[in-house]
Every structure is written in structure tokens, then in C-alpha cells.
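*Asks:* Structure below; questions to follow.
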Amino acid sequence: MRELSPEAVRDWMTQDDAVQYIDVRTVAEFAQGRPLLRAVNVPFVFHTPTAGAEVPNGSFVDLIAWLHAPSTPLVLGGGADSRAARAAAALAAQGY
């Protein structure tokens, strides 16, 4: 697991069609603007509308496993907070 600049991600995805971009932000955040790359939105957390609290997406790892084999190179993006790093750690614990 490593952190890449947006430019490095763009270059890697341009050179390798096997690389998949997973945007781990909420659906609402993804709808407000998304990367100009081929990306799929699989939220790592959900925000409750009344309290604004984070609720973990208990199906996150299962959804990624359904979409991609552990050998698939994945890029996780999630904005300025730690969601992408937490999502990467959850996937790494499952062999990604």
C-alpha cells in the first residue's frame, strides 16, 4: 500500500487498463464531482442524515471482492480525510 499523487494515478491508469479506481466517498459526495478517470463509487462509510455521524459500510470488502480479484491493482480515493487509507487497510487485511 502506498500513497500516490493525482498525476501518478492518472499516468498509471493511462498506461495500465487493469488498474481500477475505487472512490470511497459517499454517494452524495461522488455525485458532486468525481475523478475524470474510469471510477466506481463504493462508499466506505455512510453519513446518517439526522446526526451526521459516520456509519461503516459493513459490505465494503465484500463488494470489492465481488467486483475485483485480489490480484487487481486498485487505487482508492476518498478526498482529504482518512477514508481511503482506512479502506485500503480493510482490503489489505483481506489479501488485497
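In the C-alpha cells, chains take letters A, B, ... by order of appearance, with residues numbered from 1 within each chain and ligands from 1 in the order shown.
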Name the residues of chain A that come out as alpha helix (DSSP H) in a backbone DSSP run; write them as number ranges by chain.
*Replies:* A: 6-15, 27-32, 60-67, 83-92
*Asks:* Mind giving me the straight-line distance from atom CA of A:Leu67 to atom CA of A:Gly52 in Å, one decimal?
*Replies:* 28.7 Å
*Asks:* List the neighbours of A:Phe46 out to 12 Å using only C-alpha atoms; skip same-chain residues closer than 6 positions along the sequence, and give me the result as a list in words.
*Replies:*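 The residues satisfying every condition are Val24, Arg25, Thr26, Val27, Ala28, Glu29, Gly52, Ala53, Glu54, Val55, Pro56, Asn57, Gly58, Ser59, Phe60 and Arg83 of chain A.
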*Asks:* The selected residues should be written to file as a PDB file, in the first residue's frame (atoms: N, CA and C atoms).
*Replies:*
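Final output, part26.pdb:
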ATOM      1  N   VAL A  24     -14.122   5.993  -2.537  1.00  0.00           N
ATOM      2  CA  VAL A  24     -14.731   5.513  -1.301  1.00  0.00           C
ATOM      3  C   VAL A  24     -15.581   6.571  -0.597  1.00  0.00           C
ATOM      4  N   ARG A  25     -15.795   7.709  -1.250  1.00  0.00           N
ATOM      5  CA  ARG A  25     -16.641   8.750  -0.658  1.00  0.00           C
ATOM      6  C   ARG A  25     -18.104   8.327  -0.684  1.00  0.00           C
ATOM      7  N   THR A  26     -18.947   9.083  -0.009  1.00  0.00           N
ATOM      8  CA  THR A  26     -20.379   8.788  -0.024  1.00  0.00           C
ATOM      9  C   THR A  26     -20.942   9.017  -1.422  1.00  0.00           C
ATOM     10  N   VAL A  27     -22.127   8.480  -1.652  1.00  0.00           N
ATOM     11  CA  VAL A  27     -22.790   8.651  -2.943  1.00  0.00           C
ATOM     12  C   VAL A  27     -23.006  10.141  -3.231  1.00  0.00           C
ATOM     13  N   ALA A  28     -23.442  10.895  -2.227  1.00  0.00           N
ATOM     14  CA  ALA A  28     -23.672  12.331  -2.409  1.00  0.00           C
ATOM     15  C   ALA A  28     -22.383  13.062  -2.773  1.00  0.00           C
ATOM     16  N   GLU A  29     -21.289  12.724  -2.120  1.00  0.00           N
ATOM     17  CA  GLU A  29     -20.005  13.360  -2.440  1.00  0.00           C
ATOM     18  C   GLU A  29     -19.566  13.008  -3.856  1.00  0.00           C
ATOM     19  N   GLY A  52     -25.592  13.120  11.269  1.00  0.00           N
ATOM     20  CA  GLY A  52     -24.373  13.414  10.532  1.00  0.00           C
ATOM     21  C   GLY A  52     -23.212  12.513  10.918  1.00  0.00           C
ATOM     22  N   ALA A  53     -23.494  11.464  11.651  1.00  0.00           N
ATOM     23  CA  ALA A  53     -22.445  10.547  12.093  1.00  0.00           C
ATOM     24  C   ALA A  53     -22.086   9.560  10.982  1.00  0.00           C
ATOM     25  N   GLU A  54     -20.864   9.051  11.045  1.00  0.00           N
ATOM     26  CA  GLU A  54     -20.436   8.032  10.095  1.00  0.00           C
ATOM     27  C   GLU A  54     -20.926   6.662  10.543  1.00  0.00           C
ATOM     28  N   VAL A  55     -21.414   5.905   9.583  1.00  0.00           N
ATOM     29  CA  VAL A  55     -21.809   4.518   9.813  1.00  0.00           C
ATOM     30  C   VAL A  55     -20.992   3.683   8.837  1.00  0.00           C
ATOM     31  N   PRO A  56     -20.203   2.740   9.332  1.00  0.00           N
ATOM     32  CA  PRO A  56     -19.382   1.934   8.418  1.00  0.00           C
ATOM     33  C   PRO A  56     -20.230   1.148   7.425  1.00  0.00           C
ATOM     34  N   ASN A  57     -19.720   1.003   6.222  1.00  0.00           N
ATOM     35  CA  ASN A  57     -20.344   0.153   5.208  1.00  0.00           C
ATOM     36  C   ASN A  57     -19.848  -1.265   5.460  1.00  0.00           C
ATOM     37  N   GLY A  58     -20.634  -2.056   6.164  1.00  0.00           N
ATOM     38  CA  GLY A  58     -20.238  -3.411   6.512  1.00  0.00           C
ATOM     39  C   GLY A  58     -20.045  -4.329   5.321  1.00  0.00           C
ATOM     40  N   SER A  59     -20.495  -3.914   4.153  1.00  0.00           N
ATOM     41  CA  SER A  59     -20.365  -4.727   2.937  1.00  0.00           C
ATOM     42  C   SER A  59     -19.227  -4.264   2.039  1.00  0.00           C
ATOM     43  N   PHE A  60     -18.455  -3.278   2.472  1.00  0.00           N
ATOM     44  CA  PHE A  60     -17.425  -2.701   1.601  1.00  0.00           C
ATOM     45  C   PHE A  60     -16.475  -3.765   1.042  1.00  0.00           C
ATOM     46  N   ARG A  83     -10.550   8.262   4.888  1.00  0.00           N
ATOM     47  CA  ARG A  83     -11.361   7.121   4.430  1.00  0.00           C
ATOM     48  C   ARG A  83     -10.618   6.202   3.477  1.00  0.00           C
TER      49      ARG A  83
END
*Asks:* Among stretch 9-43 of chain A, which ones does DSSP assign to strand (DSSP E or B) (computed from the backbone)? Answer as a ChimeraX atom specification.
*Replies:* /A:20-23,39-41
*Asks:* Save the residues we just selected, N, CA, C and O atoms, as a JSON list (two decimals), in the first residue's frame?
*Replies:*
[["chain", "number", "residue", "atom", "x", "y", "z"],
["A", 20, "GLN", "N", -7.88, -0.28, -11.44],
["A", 20, "GLN", "CA", -9.25, 0.14, -11.17],
["A", 20, "GLN", "C", -9.27, 1.20, -10.08],
["A", 20, "GLN", "O", -8.63, 1.04, -9.04],
["A", 21, "TYR", "N", -10.03, 2.26, -10.29],
["A", 21, "TYR", "CA", -10.16, 3.35, -9.32],
["A", 21, "TYR", "C", -11.46, 3.16, -8.54],
["A", 21, "TYR", "O", -12.53, 3.11, -9.12],
["A", 22, "ILE", "N", -11.33, 3.06, -7.22],
["A", 22, "ILE", "CA", -12.49, 2.93, -6.33],
["A", 22, "ILE", "C", -12.58, 4.23, -5.53],
["A", 22, "ILE", "O", -11.68, 4.57, -4.77],
["A", 23, "ASP", "N", -13.67, 4.95, -5.71],
["A", 23, "ASP", "CA", -13.91, 6.18, -4.96],
["A", 23, "ASP", "C", -14.70, 5.80, -3.72],
["A", 23, "ASP", "O", -15.82, 5.30, -3.82],
["A", 39, "ALA", "N", -13.97, 5.28, -12.91],
["A", 39, "ALA", "CA", -14.08, 5.13, -11.46],
["A", 39, "ALA", "C", -15.42, 4.51, -11.10],
["A", 39, "ALA", "O", -16.41, 4.72, -11.78],
["A", 40, "VAL", "N", -15.41, 3.77, -10.01],
["A", 40, "VAL", "CA", -16.64, 3.22, -9.45],
["A", 40, "VAL", "C", -16.73, 3.73, -8.01],
["A", 40, "VAL", "O", -15.72, 3.86, -7.34],
["A", 41, "ASN", "N", -17.95, 4.03, -7.58],
["A", 41, "ASN", "CA", -18.16, 4.53, -6.23],
["A", 41, "ASN", "C", -18.65, 3.40, -5.34],
["A", 41, "ASN", "O", -19.71, 2.83, -5.55]]
*Asks:* Identify, on the basis of only C-alpha atoms, every residue whose closest approach to A:Met1 does not exceed 10 Å; exclude the query and any residue fewer than 6 positions from it along the same chain; express the result as a list in words.
*Replies:*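 Those residues are Leu74, Val75, Ala85, Ala88, Ala89, Ala92 and Tyr96 of chain A.
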*Asks:* Could the residues in this selection be saved with C-alpha atoms as a JSON list (two decimals), in the first residue's frame?
*Replies:*
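Result file follows (again.json):
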[["chain", "number", "residue", "atom", "x", "y", "z"],
["A", 74, "LEU", "CA", -6.68, -0.90, -7.10],
["A", 75, "VAL", "CA", -6.47, 2.82, -6.47],
["A", 85, "ALA", "CA", -6.42, 4.86, 3.95],
["A", 88, "ALA", "CA", -7.06, 0.30, 1.97],
["A", 89, "ALA", "CA", -6.21, -1.16, 5.39],
["A", 92, "ALA", "CA", -5.13, -5.29, 2.82],
["A", 96, "TYR", "CA", -5.68, -7.10, -1.38]]
